[in-house]
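Colleague: Pasting run-v6.tsv here (TSV, C-alpha atoms):
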```tsv
chain	number	residue	atom	x	y	z
A	1	MET	CA	-68.05	12.06	158.19
A	2	ASN	CA	-67.08	14.23	155.24
A	3	SER	CA	-65.57	13.34	151.91
A	4	LYS	CA	-61.92	12.37	152.29
A	5	THR	CA	-58.99	11.52	150.10
A	6	ILE	CA	-57.76	7.94	149.99
A	7	LYS	CA	-54.66	8.95	151.95
A	8	GLU	CA	-56.71	10.61	154.73
A	9	PHE	CA	-59.11	7.68	154.95
A	10	ALA	CA	-56.27	5.13	154.91
A	11	GLN	CA	-54.68	6.89	157.90
A	12	GLU	CA	-58.03	6.85	159.68
A	13	VAL	CA	-58.36	3.04	159.33
A	14	ASN	CA	-54.64	2.41	160.07
A	15	LEU	CA	-53.70	1.28	156.57
A	16	ASP	CA	-51.16	2.49	154.06
A	17	LYS	CA	-52.50	4.34	151.05
A	18	LYS	CA	-51.20	1.56	148.79
A	19	GLN	CA	-52.92	-1.15	150.89
A	20	LEU	CA	-56.25	0.66	150.66
A	21	GLN	CA	-55.86	1.15	146.91
A	22	ASN	CA	-55.10	-2.57	146.51
A	23	LYS	CA	-58.22	-3.48	148.48
A	24	LEU	CA	-60.33	-1.13	146.34
A	25	ALA	CA	-58.91	-2.73	143.18
A	26	TYR	CA	-59.65	-6.21	144.56
A	27	TRP	CA	-63.24	-5.29	145.39
A	28	LYS	CA	-63.66	-3.80	141.91
A	29	LYS	CA	-62.52	-7.11	140.36
A	30	LYS	CA	-64.76	-9.09	142.70
A	31	GLY	CA	-67.93	-7.65	141.28
A	32	LYS	CA	-71.08	-5.66	141.81
A	33	GLU	CA	-71.84	-7.09	145.30
A	34	THR	CA	-68.88	-5.27	146.78
A	35	TRP	CA	-68.17	-2.53	144.27
A	36	ASN	CA	-70.37	0.51	144.39
A	37	PHE	CA	-67.71	3.19	144.28
A	38	SER	CA	-67.64	6.10	141.95
A	39	ASP	CA	-64.42	7.38	140.51
A	40	THR	CA	-64.54	10.91	141.93
A	41	PHE	CA	-61.38	12.92	141.51
A	42	SER	CA	-60.49	16.42	142.66
A	43	ASP	CA	-57.23	17.94	141.43
A	44	GLY	CA	-56.05	14.46	140.38
A	45	VAL	CA	-56.70	12.97	143.85
A	46	ARG	CA	-59.35	10.29	144.42
A	47	ILE	CA	-62.10	11.40	146.82
A	48	LEU	CA	-64.23	8.96	148.84
A	49	THR	CA	-67.77	10.02	149.61
A	50	LYS	CA	-69.47	9.42	152.95
A	51	ALA	CA	-71.35	6.38	151.60
A	52	GLU	CA	-68.14	4.92	150.13
A	53	GLN	CA	-66.34	5.36	153.44
A	54	GLU	CA	-69.16	3.54	155.25
A	55	ARG	CA	-69.01	0.70	152.69
A	56	ILE	CA	-65.24	0.38	153.16
A	57	TYR	CA	-65.78	0.17	156.92
A	58	GLU	CA	-68.29	-2.64	156.32
A	59	LEU	CA	-65.97	-4.51	153.93
A	60	LEU	CA	-63.04	-4.20	156.33
A	61	GLY	CA	-65.23	-5.36	159.22
A	62	ILE	CA	-64.61	-2.18	161.23
A	63	PRO	CA	-67.57	-1.02	163.36
A	64	PHE	CA	-68.62	2.58	162.87
A	65	PHE	CA	-71.37	4.88	164.03
A	66	ARG	CA	-73.58	6.57	161.52
A	67	GLN	CA	-74.43	10.12	162.24
A	68	VAL	CA	-78.10	10.89	162.36
A	69	SER	CA	-78.76	14.39	161.21
A	70	ASP	CA	-81.09	16.54	163.25
A	71	ASP	CA	-82.49	17.99	160.06
A	72	SER	CA	-86.22	18.23	160.68
A	73	GLU	CA	-86.94	18.22	156.98
A	74	SER	CA	-85.26	14.86	156.41
A	75	LEU	CA	-87.00	13.05	159.27
A	76	SER	CA	-90.64	13.21	160.07
A	77	ALA	CA	-91.82	13.28	163.67
A	78	ALA	CA	-93.11	9.71	163.40
A	79	GLU	CA	-89.80	8.40	162.09
A	80	SER	CA	-87.82	10.18	164.78
A	81	SER	CA	-90.09	8.88	167.57
A	82	PHE	CA	-89.84	5.36	166.09
A	83	ARG	CA	-86.05	5.61	165.96
A	84	SER	CA	-85.98	7.03	169.47
A	85	ALA	CA	-88.11	4.15	170.78
A	86	HIS	CA	-85.99	1.68	168.84
A	87	LEU	CA	-82.79	3.14	170.29
A	88	LYS	CA	-84.26	3.08	173.81
A	89	GLU	CA	-85.18	-0.57	173.32
A	90	LYS	CA	-81.64	-1.35	172.15
A	91	ILE	CA	-80.19	0.52	175.12
A	92	LEU	CA	-82.42	-1.43	177.53
A	93	LEU	CA	-81.41	-4.69	175.86
A	94	LEU	CA	-77.73	-3.78	176.12
A	95	GLU	CA	-78.13	-2.77	179.78
A	96	HIS	CA	-79.86	-6.10	180.48
A	97	GLN	CA	-77.07	-8.00	178.72
A	98	LEU	CA	-74.50	-6.00	180.67
A	99	LEU	CA	-76.21	-6.94	183.96
A	100	GLU	CA	-76.24	-10.61	182.91
A	101	ILE	CA	-72.56	-10.44	182.05
A	102	LYS	CA	-71.80	-8.83	185.42
A	103	SER	CA	-73.76	-11.51	187.28
A	104	ASP	CA	-72.02	-14.24	185.25
A	105	LYS	CA	-68.68	-12.62	186.09
A	106	GLU	CA	-69.52	-12.60	189.81
A	107	TYR	CA	-70.70	-16.21	189.66
A	108	LEU	CA	-67.51	-17.31	187.91
A	109	LYS	CA	-65.41	-15.29	190.35
A	110	ASN	CA	-67.15	-17.01	193.28
A	111	GLN	CA	-66.66	-20.42	191.64
A	112	VAL	CA	-62.94	-19.73	191.19
A	113	LEU	CA	-62.63	-18.64	194.84
A	114	LYS	CA	-64.56	-21.72	195.95
A	115	GLY	CA	-62.30	-23.93	193.85
A	116	GLN	CA	-59.21	-22.28	195.32
A	117	ASN	CA	-60.54	-22.77	198.86
A	118	GLU	CA	-61.32	-26.43	198.13
A	119	LYS	CA	-57.84	-26.88	196.68
A	120	GLU	CA	-56.28	-25.34	199.79
A	121	GLU	CA	-58.39	-27.58	202.03
A	122	LEU	CA	-57.40	-30.64	200.01
A	123	LEU	CA	-53.74	-29.69	200.24
A	124	LYS	CA	-54.10	-29.16	204.00
A	125	SER	CA	-55.86	-32.49	204.55
A	126	ASN	CA	-53.33	-34.19	202.27
A	127	ALA	CA	-50.51	-32.79	204.43
A	128	GLU	CA	-52.31	-33.95	207.59
A	129	LEU	CA	-52.74	-37.43	206.13
A	130	ARG	CA	-49.05	-37.55	205.24
A	131	ILE	CA	-48.13	-36.58	208.80
A	132	LEU	CA	-50.45	-39.28	210.19
A	133	LEU	CA	-48.97	-41.83	207.80
A	134	GLN	CA	-45.43	-40.89	208.82
A	135	ASN	CA	-46.36	-41.15	212.52
A	136	THR	CA	-47.98	-44.54	211.89
A	137	ILE	CA	-44.87	-45.77	210.08
A	138	ASN	CA	-42.68	-44.54	212.95
A	139	GLN	CA	-44.94	-46.19	215.54
A	140	ASN	CA	-44.98	-49.39	213.50
A	141	GLY	CA	-41.17	-49.41	213.47
A	142	THR	CA	-41.05	-48.79	217.23
A	143	LEU	CA	-43.62	-51.54	217.87
A	144	GLN	CA	-41.73	-53.97	215.63
A	145	LYS	CA	-38.51	-53.25	217.52
A	146	SER	CA	-40.26	-53.70	220.87
A	147	LEU	CA	-41.85	-56.92	219.63
A	148	SER	CA	-38.48	-58.16	218.44
A	149	ASP	CA	-36.88	-57.28	221.79
A	150	LEU	CA	-39.70	-58.96	223.72
A	151	THR	CA	-39.54	-62.01	221.47
A	152	SER	CA	-35.80	-62.37	221.96
A	153	GLU	CA	-36.15	-61.80	225.73
A	154	ASN	CA	-38.95	-64.37	225.86
A	155	LEU	CA	-36.76	-66.80	223.93
A	156	LYS	CA	-33.89	-66.21	226.40
A	157	ASN	CA	-36.27	-66.79	229.30
A	158	LYS	CA	-37.49	-70.05	227.78
A	159	LEU	CA	-33.94	-71.16	227.17
A	160	SER	CA	-32.92	-70.37	230.73
A	161	GLU	CA	-36.01	-72.15	232.07
A	162	SER	CA	-35.34	-75.16	229.93
A	163	SER	CA	-31.69	-75.21	231.09
A	164	GLU	CA	-32.84	-75.01	234.74
A	165	VAL	CA	-35.25	-77.86	234.11
A	166	ALA	CA	-32.45	-79.81	232.47
A	167	GLU	CA	-30.15	-79.20	235.46
A	168	GLU	CA	-32.88	-80.34	237.81
A	169	LYS	CA	-33.24	-83.52	235.82
A	170	ARG	CA	-29.49	-84.20	236.08
A	171	VAL	CA	-29.56	-84.14	239.87
A	172	GLN	CA	-30.68	-87.51	241.15
A	173	ILE	CA	-33.18	-87.51	243.89
A	174	PRO	CA	-32.85	-90.54	246.12
A	175	SER	CA	-35.83	-92.70	246.41
A	176	GLU	CA	-36.77	-95.21	249.07
A	177	LYS	CA	-36.03	-98.06	246.78
A	178	ALA	CA	-32.52	-96.87	246.07
A	179	SER	CA	-29.94	-99.10	247.78
A	180	TYR	CA	-27.13	-96.63	247.85
A	181	PHE	CA	-26.62	-92.89	247.56
A	182	TYR	CA	-24.04	-90.84	245.85
A	183	PHE	CA	-22.71	-88.04	247.96
A	184	ASN	CA	-20.88	-85.05	246.95
A	185	SER	CA	-17.40	-85.39	248.35
A	186	LYS	CA	-16.92	-81.69	248.58
A	187	PHE	CA	-19.92	-81.29	250.79
A	188	LYS	CA	-18.85	-80.03	254.21
A	189	LYS	CA	-20.53	-80.76	257.45
A	190	ASN	CA	-20.80	-78.04	260.01
```
Transcribe the structure of this file into structure tokens.
Modeller:
Amino acid sequence: MNSKTIKEFAQEVNLDKKQLQNKLAYWKKKGKETWNFSDTFSDGVRILTKAEQERIYELLGIPFFRQVSDDSESLSAAESSFRSAHLKEKILLLEHQLLEIKSDKEYLKNQVLKGQNEKEELLKSNAELRILLQNTINQNGTLQKSLSDLTSENLKNKLSESSEVAEEKRVQIPSEKASYFYFNSKFKKN
């Protein structure tokens, strides 16, 4: 990251030059906690140093990677080995987190599939229960009709039996005590 003009840096962070200038003015008003910019100009154009660019990234909430120079003079062997070990530890931690996220993803995927299968089974059993209910209703209607028919036929049979009994009661059966008999005049002798 080299020194850049406001216009170049604004394009890099997807802002207009005016928007970036307004933000810089706001941070300047806000106070020392946010303002640590120098007023460096070159040919009348404001120049942002590497440190200022990093601070703007921080204030805008944009992640950025700092470049570590390989300059052997600036870093001692102990510092570089410490940083290397620290970076390896971070990489291992990130790999572990990535594996956990993958396993969580698989678990959730399996749960969703299980839920879908259970839903399909419930829909299938619901459909089967509806079919059974419809068949039961149809059979109930058929049985009620048959019962009604049998009841009416039974009633007719009872009525005909009672009428036969009534006819039998109308015919007088002669007894030994009877002094005279009534004969049917239409009765023919052979």
Colleague: Which distance in Å separates CA of Ser3 (chain A) and CA of Phe82 (chain A), to one decimal?
Modeller: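 Going from CA of Ser3 (chain A) over to CA of Phe82 (chain A) covers 29.2 Å.
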Colleague: In Å to one decimal, how far is CA of Glu54 (chain A) from CA of Ile6 (chain A)?
Modeller: 13.3 Å
Colleague: Please indicate the distance in Å from CA of Leu132 (chain A) to CA of Gly115 (chain A), rounded to one decimal place.
Modeller: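 Answer for the CA of Leu132 (chain A) to CA of Gly115 (chain A) separation: 25.4 Å.
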Colleague: Have a look at A:Leu123, A:Ile131, A:Leu155, A:Val13 and name the one nearest to Ile62 (chain A); count only C-alpha atoms.
Modeller: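 Closest residue, counting only C-alpha atoms: A:Val13.
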